[in-house]
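Q: So here's work11.pdb, just PDB, C-alpha atoms, pLDDT in the B column:
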```pdb
ATOM      1  CA  MET A1260     -94.426  22.809-103.093  1.00 56.00           C
ATOM      2  CA  ASP A1261     -93.911  19.087-103.739  1.00 63.00           C
ATOM      3  CA  GLN A1262     -96.271  16.535-102.231  1.00 72.00           C
ATOM      4  CA  ILE A1263     -94.488  14.140 -99.860  1.00 82.00           C
ATOM      5  CA  GLU A1264     -94.904  10.483-100.798  1.00 90.00           C
ATOM      6  CA  LYS A1265     -96.961   8.546 -98.250  1.00 94.00           C
ATOM      7  CA  TYR A1266     -97.220   4.794 -97.716  1.00 97.00           C
ATOM      8  CA  TYR A1267     -99.974   2.555 -96.420  1.00 97.00           C
ATOM      9  CA  CYS A1268    -100.193   1.686 -92.728  1.00 98.00           C
ATOM     10  CA  PRO A1269    -100.282  -2.102 -92.199  1.00 96.00           C
ATOM     11  CA  CYS A1270    -102.810  -1.707 -89.382  1.00 97.00           C
ATOM     12  CA  CYS A1271    -105.546   0.554 -90.800  1.00 98.00           C
ATOM     13  CA  GLY A1272    -104.620   0.507 -94.496  1.00 97.00           C
ATOM     14  CA  TYR A1273    -104.523   4.296 -94.918  1.00 98.00           C
ATOM     15  CA  LYS A1274    -101.722   6.198 -96.609  1.00 97.00           C
ATOM     16  CA  THR A1275    -100.079   7.926 -93.637  1.00 97.00           C
ATOM     17  CA  LEU A1276     -96.486   6.690 -93.278  1.00 97.00           C
ATOM     18  CA  ASN A1277     -93.517   8.766 -94.482  1.00 96.00           C
ATOM     19  CA  GLU A1278     -91.450   5.694 -95.397  1.00 96.00           C
ATOM     20  CA  GLU A1279     -92.333   2.354 -96.942  1.00 95.00           C
ATOM     21  CA  PRO A1280     -92.979  -0.392 -94.375  1.00 94.00           C
ATOM     22  CA  PRO A1281     -91.880  -2.632 -92.847  1.00 95.00           C
ATOM     23  CA  GLY A1282     -89.423  -1.421 -90.264  1.00 93.00           C
ATOM     24  CA  THR A1283     -89.766   2.343 -90.436  1.00 96.00           C
ATOM     25  CA  TYR A1284     -91.014   2.834 -86.867  1.00 97.00           C
ATOM     26  CA  ASN A1285     -93.234   5.590 -88.292  1.00 97.00           C
ATOM     27  CA  ILE A1286     -96.467   6.123 -86.359  1.00 98.00           C
ATOM     28  CA  CYS A1287     -99.774   6.298 -88.204  1.00 98.00           C
ATOM     29  CA  SER A1288    -101.688   9.498 -87.497  1.00 98.00           C
ATOM     30  CA  ILE A1289    -105.023   7.745 -88.060  1.00 98.00           C
ATOM     31  CA  CYS A1290    -104.742   4.578 -85.922  1.00 99.00           C
ATOM     32  CA  TYR A1291    -101.474   5.269 -84.023  1.00 99.00           C
ATOM     33  CA  TRP A1292     -99.861   1.964 -85.055  1.00 98.00           C
ATOM     34  CA  GLU A1293     -96.052   2.040 -84.944  1.00 98.00           C
ATOM     35  CA  ASP A1294     -94.544   0.218 -87.916  1.00 98.00           C
ATOM     36  CA  ASP A1295     -92.572  -2.630 -86.323  1.00 97.00           C
ATOM     37  CA  PRO A1296     -90.718  -5.015 -88.680  1.00 97.00           C
ATOM     38  CA  TYR A1297     -91.134  -8.026 -86.370  1.00 97.00           C
ATOM     39  CA  GLN A1298     -94.852  -7.488 -85.945  1.00 97.00           C
ATOM     40  CA  PHE A1299     -95.181  -6.971 -89.706  1.00 95.00           C
ATOM     41  CA  GLN A1300     -93.797 -10.489 -90.227  1.00 96.00           C
ATOM     42  CA  HIS A1301     -95.418 -12.083 -87.144  1.00 96.00           C
ATOM     43  CA  TRP A1302     -99.008 -10.837 -87.159  1.00 95.00           C
ATOM     44  CA  ASN A1303     -99.985 -12.430 -83.851  1.00 97.00           C
ATOM     45  CA  TYR A1304     -96.981 -11.172 -81.865  1.00 97.00           C
ATOM     46  CA  SER A1305     -97.888  -8.833 -78.983  1.00 96.00           C
ATOM     47  CA  GLY A1306     -95.002  -6.703 -77.809  1.00 91.00           C
ATOM     48  CA  GLY A1307     -92.247  -4.804 -79.499  1.00 91.00           C
ATOM     49  CA  ALA A1308     -93.234  -1.353 -80.685  1.00 96.00           C
ATOM     50  CA  ASN A1309     -96.937  -2.031 -80.028  1.00 97.00           C
ATOM     51  CA  LYS A1310     -98.591  -3.673 -77.016  1.00 97.00           C
ATOM     52  CA  VAL A1311    -101.088  -5.502 -79.210  1.00 98.00           C
ATOM     53  CA  SER A1312    -100.488  -7.732 -82.221  1.00 98.00           C
ATOM     54  CA  LEU A1313    -101.125  -6.489 -85.746  1.00 97.00           C
ATOM     55  CA  VAL A1314    -104.181  -8.760 -85.913  1.00 97.00           C
ATOM     56  CA  GLN A1315    -105.608  -7.249 -82.711  1.00 98.00           C
ATOM     57  CA  GLY A1316    -104.663  -3.726 -83.808  1.00 98.00           C
ATOM     58  CA  GLN A1317    -106.688  -4.162 -86.989  1.00 97.00           C
ATOM     59  CA  ILE A1318    -109.677  -5.512 -85.054  1.00 97.00           C
ATOM     60  CA  ASN A1319    -109.409  -2.598 -82.632  1.00 98.00           C
ATOM     61  CA  PHE A1320    -109.222  -0.062 -85.465  1.00 97.00           C
ATOM     62  CA  GLU A1321    -112.418  -1.425 -86.967  1.00 95.00           C
ATOM     63  CA  LYS A1322    -114.148  -1.310 -83.544  1.00 97.00           C
ATOM     64  CA  PHE A1323    -113.043   2.066 -82.178  1.00 98.00           C
ATOM     65  CA  GLY A1324    -110.667   3.801 -84.604  1.00 97.00           C
ATOM     66  CA  ALA A1325    -107.287   3.149 -82.956  1.00 98.00           C
ATOM     67  CA  CYS A1326    -104.884   0.231 -82.616  1.00 98.00           C
ATOM     68  CA  GLU A1327    -105.363   0.339 -78.812  1.00 98.00           C
ATOM     69  CA  LYS A1328    -107.946   2.075 -76.620  1.00 98.00           C
ATOM     70  CA  GLU A1329    -105.165   3.959 -74.824  1.00 97.00           C
ATOM     71  CA  MET A1330    -104.103   5.501 -78.150  1.00 98.00           C
ATOM     72  CA  ILE A1331    -107.472   6.975 -79.166  1.00 98.00           C
ATOM     73  CA  LYS A1332    -106.451  10.383 -77.796  1.00 98.00           C
ATOM     74  CA  TYR A1333    -103.508  10.507 -80.237  1.00 98.00           C
ATOM     75  CA  THR A1334    -105.446   9.597 -83.380  1.00 98.00           C
ATOM     76  CA  ARG A1335    -107.181  11.871 -85.837  1.00 96.00           C
ATOM     77  CA  ARG A1336    -110.471  11.480 -87.639  1.00 94.00           C
ATOM     78  CA  LEU A1337    -110.577  10.376 -91.241  1.00 95.00           C
ATOM     79  CA  ASN A1338    -111.177  13.076 -93.811  1.00 95.00           C
ATOM     80  CA  LYS A1339    -112.178  13.024 -97.474  1.00 95.00           C
ATOM     81  CA  THR A1340    -108.553  13.200 -98.662  1.00 94.00           C
ATOM     82  CA  ASP A1341    -107.454  10.074 -96.754  1.00 96.00           C
ATOM     83  CA  GLU A1342    -106.678   7.234 -99.127  1.00 94.00           C
ATOM     84  CA  ARG A1343    -107.116   3.594 -98.122  1.00 95.00           C
ATOM     85  CA  ASN A1344    -105.392   0.821-100.021  1.00 94.00           C
ATOM     86  CA  GLU A1345    -108.123  -0.785-102.125  1.00 92.00           C
ATOM     87  CA  ASN A1346    -106.395  -4.159-101.657  1.00 89.00           C
ATOM     88  CA  TRP A1347    -106.081  -3.825 -97.858  1.00 82.00           C
ATOM     89  CA  LYS A1348    -107.416  -6.764 -95.881  1.00 78.00           C
ATOM     90  CA  LYS A1349    -107.217  -7.658 -92.235  1.00 76.00           C
ATOM     91  CA  THR A1350    -104.602 -10.263 -91.404  1.00 78.00           C
ATOM     92  CA  ASN A1351    -105.768 -13.568 -89.992  1.00 70.00           C
TER      93      ASN A1351
END
```
Would you mind writing the file's structure down as structure tokens?
A:
Amino acid sequence: MDQIEKYYCPCCGYKTLNEEPPGTYNICSICYWEDDPYQFQHWNYSGGANKVSLVQGQINFEKFGACEKEMIKYTRRLNKTDERNENWKKTN
């Protein structure tokens, strides 16, 4: 069985998306960020596919493990096979 290629989530930095961002509208299983092309380009924009901005989503992920508190119930815990982009940094 072939391994499906995964791509890094712009919010948490883990390899969870089935298509390469931006603009896939894939949802990350770890932080529950929805890949929105406008928010990918405009980091401080709140609205669109996500209530919070990408900047705030990243802060939230670091604080409580989801892009928004309301989404915690949809996330999953990290496991030893999860791969984070070694070059991932929070946006400013």
Q: Give me, please, the distance in Å between CA of Ala1308 in chain A and CA of Asn1285 in chain A, quoted to one decimal.
A: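 Value for the CA of Ala1308 in chain A-CA of Asn1285 in chain A distance: 10.3 Å.
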Q: Quick one: which residues end up in the PyMOL selection byres ((chain A and resi 1265) around 9) for this structure, as a VMD selection string?
A: chain A and resid 1262 to 1264 1266 to 1267 1274 to 1279
Q: From the set A:Gln1317, A:Asn1338, A:Ser1305, A:Ser1312, which residue has the shortest atom-to-atom contact distance to Cys1290 in chain A, counting only C-alpha atoms?
A: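 That would be A:Gln1317, the residue with the smallest distance to Cys1290 in chain A.
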Q: Between A:Trp1347, A:Tyr1273, A:Trp1292, A:Phe1299, which is the closest to Met1330 in chain A once you count only C-alpha atoms?
A: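 The answer is A:Trp1292, which sits nearest to Met1330 in chain A.
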Q: How far is it from CA of Tyr1291 in chain A to CA of Tyr1333 in chain A, in Å with one decimal?
A: 6.8 Å
Q: Evaluate the PyMOL selection byres ((chain A and resi 1303) around 6) on the structure here and hand back the selected residues as a PyMOL selection string.
A: chain A and resi 1301-1302+1304+1312+1314
Q: Just how far from CA of Asp1294 in chain A is CA of Arg1336 in chain A, in Å to one decimal?
A: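 Spanning CA of Arg1336 in chain A to CA of Asp1294 in chain A is a straight-line distance of 19.5 Å.
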Q: Between A:Pro1269, A:Pro1280, A:Leu1337, A:Lys1310, single out the one closest to Gly1324 in chain A, counting all atoms listed in the file.
A: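 Closest residue, counting all atoms listed in the file: A:Leu1337.
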Q: Write out as a PDB file with C-alpha atoms, keeping the file's coordinate frame each polymer residue whose atoms come within 12 Å of Ile1318 in chain A, counting all atoms listed in the file; drop sequence neighbours fewer than 3 positions from it.
A:
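Result file is out-v4.pdb:
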```
ATOM      1  CA  CYS A1270    -102.810  -1.707 -89.382  1.00 97.00           C
ATOM      2  CA  CYS A1271    -105.546   0.554 -90.800  1.00 98.00           C
ATOM      3  CA  CYS A1290    -104.742   4.578 -85.922  1.00 99.00           C
ATOM      4  CA  ASN A1303     -99.985 -12.430 -83.851  1.00 97.00           C
ATOM      5  CA  VAL A1311    -101.088  -5.502 -79.210  1.00 98.00           C
ATOM      6  CA  SER A1312    -100.488  -7.732 -82.221  1.00 98.00           C
ATOM      7  CA  LEU A1313    -101.125  -6.489 -85.746  1.00 97.00           C
ATOM      8  CA  VAL A1314    -104.181  -8.760 -85.913  1.00 97.00           C
ATOM      9  CA  GLN A1315    -105.608  -7.249 -82.711  1.00 98.00           C
ATOM     10  CA  GLU A1321    -112.418  -1.425 -86.967  1.00 95.00           C
ATOM     11  CA  LYS A1322    -114.148  -1.310 -83.544  1.00 97.00           C
ATOM     12  CA  PHE A1323    -113.043   2.066 -82.178  1.00 98.00           C
ATOM     13  CA  GLY A1324    -110.667   3.801 -84.604  1.00 97.00           C
ATOM     14  CA  ALA A1325    -107.287   3.149 -82.956  1.00 98.00           C
ATOM     15  CA  CYS A1326    -104.884   0.231 -82.616  1.00 98.00           C
ATOM     16  CA  GLU A1327    -105.363   0.339 -78.812  1.00 98.00           C
ATOM     17  CA  LYS A1328    -107.946   2.075 -76.620  1.00 98.00           C
ATOM     18  CA  LYS A1348    -107.416  -6.764 -95.881  1.00 78.00           C
ATOM     19  CA  LYS A1349    -107.217  -7.658 -92.235  1.00 76.00           C
ATOM     20  CA  THR A1350    -104.602 -10.263 -91.404  1.00 78.00           C
ATOM     21  CA  ASN A1351    -105.768 -13.568 -89.992  1.00 70.00           C
TER      22      ASN A1351
END
```
Q: Measuring atom to atom with only C-alpha atoms, identify which of A:Thr1340, A:Asn1319, A:Asn1309, A:Gln1300 is nearest to Ile1286 in chain A.
A: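 Once distances to Ile1286 in chain A are computed over only C-alpha atoms, the minimum belongs to A:Asn1309.
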Q: Please determine, counting all atoms listed in the file, which residue among A:Arg1343, A:Ile1289, A:Gly1306, A:Tyr1297 has the shortest atom-to-atom distance to Ile1331 in chain A.
A: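 With all atoms listed in the file as the atom set, the closest residue is A:Ile1289.
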